[in-house]
Amino acid sequence: MNLEELMKAAQNVQDQLSKAQDTLDKVEVEGVAGGGLVKVKATAKGRIIGVDLDESLLNPSEKQMLEDLIAAALNDARAKADVVSQQEMGKMTQGLPLPPGFKLPF
């Protein structure tokens, strides 16, 4: 492979990464905590797009529990986003001539 072919291949990979990142920002995941009392919607890229709280949690005496549930739902959404991201990037990089162990910057 000469330098020109290598540069074209690198540009192709960059274009595919950009498209994959755009796709990940359109795929939605939902993090849940407290048996569904707290739900967080996020994109697979990790952008939070919504929070749904059960009204039963809107009691000042439940403040600490609500905070804990929100944090748990955010972490659940992030974990699900990571799984989707890894799956999508795996599809994109399948068949690319990357050296063993090479990690793309995402």
# chains A, B, ... in the order shown; residues from 1 in each chain; ligands from 1
$ residues_around --residues "Thr43 (chain A)" --least-positions-apart "5" --cutoff "9 Å" --atoms "only C-alpha atoms" --output "ChimeraX atom specification"
/A:24-30,48-49,77-78,81
$ select_by_dssp --residues "chain A" --states "strand (DSSP E or B)" --output "PDB file with C-alpha atoms, in the first residue's frame"
ATOM      1  CA  GLU A  28     -31.728   6.386  22.497  1.00  0.00           C
ATOM      2  CA  VAL A  29     -31.223   4.315  25.652  1.00  0.00           C
ATOM      3  CA  GLU A  30     -33.113   4.456  28.927  1.00  0.00           C
ATOM      4  CA  GLY A  31     -31.578   4.133  32.361  1.00  0.00           C
ATOM      5  CA  VAL A  32     -33.926   3.010  35.130  1.00  0.00           C
ATOM      6  CA  ALA A  33     -33.669   2.972  38.922  1.00  0.00           C
ATOM      7  CA  VAL A  38     -36.706   7.172  38.016  1.00  0.00           C
ATOM      8  CA  LYS A  39     -36.010   6.998  34.285  1.00  0.00           C
ATOM      9  CA  VAL A  40     -33.305   8.789  32.345  1.00  0.00           C
ATOM     10  CA  LYS A  41     -33.276   8.939  28.547  1.00  0.00           C
ATOM     11  CA  ALA A  42     -29.938   9.464  26.853  1.00  0.00           C
ATOM     12  CA  THR A  43     -28.354   9.049  23.467  1.00  0.00           C
ATOM     13  CA  ILE A  48     -28.988  13.206  28.499  1.00  0.00           C
ATOM     14  CA  ILE A  49     -32.261  14.053  26.784  1.00  0.00           C
ATOM     15  CA  GLY A  50     -34.862  13.521  29.503  1.00  0.00           C
ATOM     16  CA  VAL A  51     -35.607  12.610  33.105  1.00  0.00           C
ATOM     17  CA  ASP A  52     -38.889  11.132  34.379  1.00  0.00           C
ATOM     18  CA  LEU A  53     -39.566  11.063  38.128  1.00  0.00           C
TER      19      LEU A  53
END
$ closest_residue --among "A:Met7, A:Met89, A:Leu37, A:Leu17" --to "Ile70 (chain A)" --atoms "only C-alpha atoms"
A:Leu37
$ select_by_dssp --residues "region 2-99 of chain A" --states "helix (DSSP H, G or I)" --output "VMD selection string"
chain A and resid 3 to 24 34 to 36 55 to 57 60 to 93
$ atom_distance --atom1 "CA of Lys91 (chain A)" --atom2 "CA of Asp15 (chain A)"
14.5 Å
$ closest_residue --among "A:Ser56, A:Lys80, A:Gln64, A:Arg47" --to "Asp22 (chain A)" --atoms "only C-alpha atoms"
A:Arg47
$ atom_distance --atom1 "CA of Ser18 (chain A)" --atom2 "CA of Val84 (chain A)"
16.1 Å
$ closest_residue --among "A:Ser61, A:Ala44, A:Val13, A:Lys19" --to "Gln87 (chain A)" --atoms "only C-alpha atoms"
A:Ala44
$ closest_residue --among "A:Gly36, A:Asp54, A:Met65, A:Lys45" --to "Thr23 (chain A)" --atoms "only C-alpha atoms"
A:Lys45
